[in-house]
Amino acid sequence: MQLFARMLNMFISFEVSNHRSILDKVELSMVAVDKNRVGTRPFVTLKEELLTVAGIYGPNASGKSNLLDAISWVSNAVRQSVRGWDDLIPRDPFKFDPGPGLSSTYVVKMVVDGVRYDYSLELDQTEVIFESLYGYPERRKRILFERNRQDIRLRRGKSLSLGIRELATPTTLVLSAAMRLKEPEIERIARAISKIDFLGDYRNPYSTSFRQNALSVIPTIRIFDDDGPLILQDTGGDEGEKLNQGLKETALELLRVADFGIEDVELKKEKHETIESGRFLPRSLQLTHKGQAQTLPFDFSDESSGTQLWFKLIGPILNVLRTGRTLLLDELGLSLHPQLTYHLIEIFQDIETNPLGAQLIFTSHDTNILGYLNRDEVWLTEKNESGSTSLIALAEYGGEKVRQSANIERAYLQGRFGAVPEISSYDFRRVLSEKKVDD
């Protein structure tokens with residue numbers, strides 16, 4: 001198996017406490033338990049192999065989405081704290097006591113350009129209490145910076161620009177300031193964290209957490225825009241041109257191999273110039289289908305929910321695969337055929353289709369997907385008596401008994417690992433019959 005050194009950026013693990021339904025610390029690890037297999041990436045500078053896929057399962061309202069939400073929160077915090085945070089930090093703590101009175105903590109461990117980095121953050125609604133960044137070149141711990149409230153300490157011999165010290169207010173992250181002012185090395189880590197993509201439903205537009213992104217058709221539309229593909233618009237120059245090369249053809253092939261009968265994509269446009277862009281903007285999207293004797297365009301709104309979802313996913317998928325980023329996807333398997341879901345997972349596991357180690361972390365209720373995952377790729381959420389979320393790795397159950405993926409789905413549905421809703425047919429009958437009597 002190929003050993004990687006200075007090319008991949010990958011999650012090692014993520015820890016969080018006091019975020020939405022998560023009160024006590026939970027940890028999601030991308031470190032492989034079963035090594036030397038498809039889906040793992042070994043590194044020269046790490047003793048461990050890292051996974052490219054992780055699936056989170058559990059009952060409704062058990063906190064699956066909140067774990068992804070916490071990762072996305074940190075990503076957006078790094079990207080926006082300099083400009084978006086004023087007197088208050090828009091955190092979202094556990095709502096029951098003692099959550100509101102406690103600080104929230106986040107720890108991101110990543111490999112960036114082949115070197116491990118640990119970023120830690122503790123804050124409440126009024127200030128950053130603690131923040132640190134450590135690197136491990138040649139596996140030796142080295143401090144890049146450590147912050148206790150407004151006291152910022154750097155590793156020996158390293159200076160921090162005056163501009164960063166000025167930007168690092170009580171409600172601003174040092175990591176954000178370093179990215180804004182392009183501080184060497186620290187900026188590289190900040191950008192790796194800030195470019196994590198989260199796709200899910202925009203359930204709560206009033207949330208102060210501000211980071212959930214609705215799954216939109218726009219990223220994929222940009223690939224088919226004749227004015228130039230903009231999916232990788234944050235990567236400029238020759239590198240951007242190289243990444244965008246052949247993007248449209250690849251996207252079209254992904255539509256075709258999904259067996260929806262789609263031959264082409266058409267954008268009906270009208271001239272709509274603006275001061276900001278002066279561009280032709282898409283007016284309507286049509287997918288061309290081939291019948292036995294003719295081809296016809298169908299409006300996107302007339303397509304099945306599965307076709308629409310797959311089209312929306314193509315843009316983000318190609319984005320992370322071509323840049324080696326992490327994609328957080330809420331409710332994988334919803335409206336997609338199990339075979340299509342399997343191939344999506346396989347794309348991320350296979351080194352041929354995912355040479356840069358892009359990672360897919362998803363939530364799902366679709367137990368068919370369990371048949372395509374190894375035990376160390378599955379995580380389970382439950383709510384305890386206090387209403388807070390707990391997270392446990394499937395690999396901690398049963399050892400070799402759940403190593404083979406064929407056993408996982410059956411055992412999960414039988415409740416051997418917990419993390420399934422306790423639903424009784426009797427309760428449904430009782431409620432409905434009572435309703436009938438009342439009527």
# chains A, B, ... in the order shown; residues from 1 in each chain; ligands from 1
call {"tool": "residues_around", "arguments": {"residues": "Leu329 of chain A", "least_positions_apart": "2", "cutoff": "7 Å", "atoms": "only C-alpha atoms", "output": "PyMOL selection string"}}
result
chain A and resi 198-200+327+331-332+361-363
call {"tool": "residues_around", "arguments": {"residues": "Thr126 of chain A", "least_positions_apart": "3", "cutoff": "10 Å", "atoms": "only C-alpha atoms", "output": "ChimeraX atom specification"}}
result
/A:86-91,123,129,170-171
call {"tool": "residues_around", "arguments": {"residues": "Arg83 of chain A", "least_positions_apart": "3", "cutoff": "12 Å", "atoms": "only C-alpha atoms", "output": "list in words"}}
result
Asn76, Ala77, Val78, Arg79, Gln80, Asp86, Asp87, Ile89, Leu167, Ala168, Thr169, Thr171, Thr172, Leu173, Ser176, Ala177 and Arg180 of chain A
call {"tool": "residues_around", "arguments": {"residues": "Ser216 of chain A", "least_positions_apart": "6", "cutoff": "10 Å", "atoms": "only C-alpha atoms", "output": "CSV table (one decimal) with N, CA and C atoms, in the first residue's frame"}}
result
chain,number,residue,atom,x,y,z
A,199,LEU,N,-23.2,19.7,4.1
A,199,LEU,CA,-24.4,19.7,3.3
A,199,LEU,C,-25.5,19.1,4.1
A,200,GLY,N,-26.6,19.8,4.3
A,200,GLY,CA,-27.8,19.3,5.0
A,200,GLY,C,-29.0,20.2,4.8
A,201,ASP,N,-30.0,19.9,5.6
A,201,ASP,CA,-31.2,20.7,5.5
A,201,ASP,C,-31.0,22.0,6.3
A,308,GLN,N,-32.7,14.5,-8.6
A,308,GLN,CA,-32.4,15.9,-8.2
A,308,GLN,C,-31.3,15.8,-7.1
A,309,LEU,N,-31.4,14.9,-6.2
A,309,LEU,CA,-30.4,14.7,-5.1
A,309,LEU,C,-29.0,14.4,-5.7
A,311,PHE,N,-27.9,14.9,-8.7
A,311,PHE,CA,-27.4,16.1,-9.4
A,311,PHE,C,-26.8,17.1,-8.4
A,312,LYS,N,-27.5,17.4,-7.3
A,312,LYS,CA,-27.0,18.3,-6.4
A,312,LYS,C,-25.7,17.9,-5.7
A,313,LEU,N,-25.5,16.5,-5.6
A,313,LEU,CA,-24.3,16.0,-4.9
A,313,LEU,C,-23.1,16.0,-5.8
A,315,GLY,N,-21.6,18.3,-7.7
A,315,GLY,CA,-20.7,19.4,-7.5
A,315,GLY,C,-19.9,19.3,-6.3
A,316,PRO,N,-20.5,19.2,-5.1
A,316,PRO,CA,-19.7,19.0,-3.9
A,316,PRO,C,-18.8,17.8,-3.9
call {"tool": "closest_residue", "arguments": {"among": "A:Gly55, A:Gln286, A:Ser21, A:Arg142", "to": "Asp92 of chain A", "atoms": "only C-alpha atoms"}}
result
A:Ser21
call {"tool": "atom_distance", "arguments": {"atom1": "atom CA of Ile223 of chain A", "atom2": "atom CA of Gly39 of chain A"}}
result
27.7 Å
call {"tool": "residues_around", "arguments": {"residues": "segment 249-262 of chain A", "least_positions_apart": "5", "cutoff": "9 Å", "atoms": "only C-alpha atoms", "output": "number ranges by chain"}}
result
A: 220, 223-224, 287-291, 307, 310-311, 314-315, 318, 340
call {"tool": "residues_around", "arguments": {"residues": "Ile351 of chain A", "least_positions_apart": "3", "cutoff": "12 Å", "atoms": "only C-alpha atoms", "output": "PyMOL selection string"}}
result
chain A and resi 1-4+37-42+51-52+321+324+346-348+354-359
call {"tool": "write_last_selection", "arguments": {"atoms": "C-alpha atoms", "output": "PDB file, in the first residue's frame"}}
result
ATOM      1  CA  MET A   1       0.000   0.000   0.000  1.00  0.00           C
ATOM      2  CA  GLN A   2       1.241   3.469  -0.885  1.00  0.00           C
ATOM      3  CA  LEU A   3       2.596   5.561   2.009  1.00  0.00           C
ATOM      4  CA  PHE A   4       1.751   9.253   1.947  1.00  0.00           C
ATOM      5  CA  ARG A  37      -7.241  -2.641   3.440  1.00  0.00           C
ATOM      6  CA  VAL A  38      -9.207  -0.591   0.938  1.00  0.00           C
ATOM      7  CA  GLY A  39     -10.397   2.653   2.465  1.00  0.00           C
ATOM      8  CA  THR A  40      -7.371   3.397   4.665  1.00  0.00           C
ATOM      9  CA  ARG A  41      -4.486   5.786   4.028  1.00  0.00           C
ATOM     10  CA  PRO A  42      -1.164   5.147   5.834  1.00  0.00           C
ATOM     11  CA  LEU A  51     -10.160   6.305   7.079  1.00  0.00           C
ATOM     12  CA  THR A  52     -11.793   8.105   4.189  1.00  0.00           C
ATOM     13  CA  LEU A 321     -12.253  14.803  -4.460  1.00  0.00           C
ATOM     14  CA  GLY A 324      -8.630  16.533  -0.892  1.00  0.00           C
ATOM     15  CA  GLU A 346     -16.755   3.239  -2.875  1.00  0.00           C
ATOM     16  CA  ILE A 347     -15.579   6.382  -4.690  1.00  0.00           C
ATOM     17  CA  PHE A 348     -14.197   7.737  -1.418  1.00  0.00           C
ATOM     18  CA  ASN A 354      -9.821   9.329  -4.371  1.00  0.00           C
ATOM     19  CA  PRO A 355      -6.038   9.740  -4.606  1.00  0.00           C
ATOM     20  CA  LEU A 356      -5.974  12.872  -2.421  1.00  0.00           C
ATOM     21  CA  GLY A 357      -7.647  11.253   0.573  1.00  0.00           C
ATOM     22  CA  ALA A 358     -10.874  13.268   0.562  1.00  0.00           C
ATOM     23  CA  GLN A 359     -13.085  12.179   3.464  1.00  0.00           C
TER      24      GLN A 359
END
call {"tool": "atom_distance", "arguments": {"atom1": "atom CA of Asp225 of chain A", "atom2": "atom CA of Asp330 of chain A"}}
result
26.9 Å
call {"tool": "residues_around", "arguments": {"residues": "Ile22 of chain A", "least_positions_apart": "4", "cutoff": "9 Å", "atoms": "only C-alpha atoms", "output": "ChimeraX atom specification"}}
result
/A:16-18,26,63,66-67,93-94,387-390
call {"tool": "select_by_dssp", "arguments": {"residues": "segment 33-235 of chain A", "states": "helix (DSSP H, G or I)", "output": "PyMOL selection string"}}
result
chain A and resi 64-84+99-101+137-139+162-167+174-180+186-194+218-223
call {"tool": "closest_residue", "arguments": {"among": "A:Gln125, A:Thr367, A:Ser386, A:Asn148", "to": "Tyr57 of chain A", "atoms": "only C-alpha atoms"}}
result
A:Thr367
call {"tool": "closest_residue", "arguments": {"among": "A:Lys25, A:Lys64, A:Ile164, A:Ala54", "to": "Glu382 of chain A", "atoms": "only C-alpha atoms"}}
result
A:Lys64
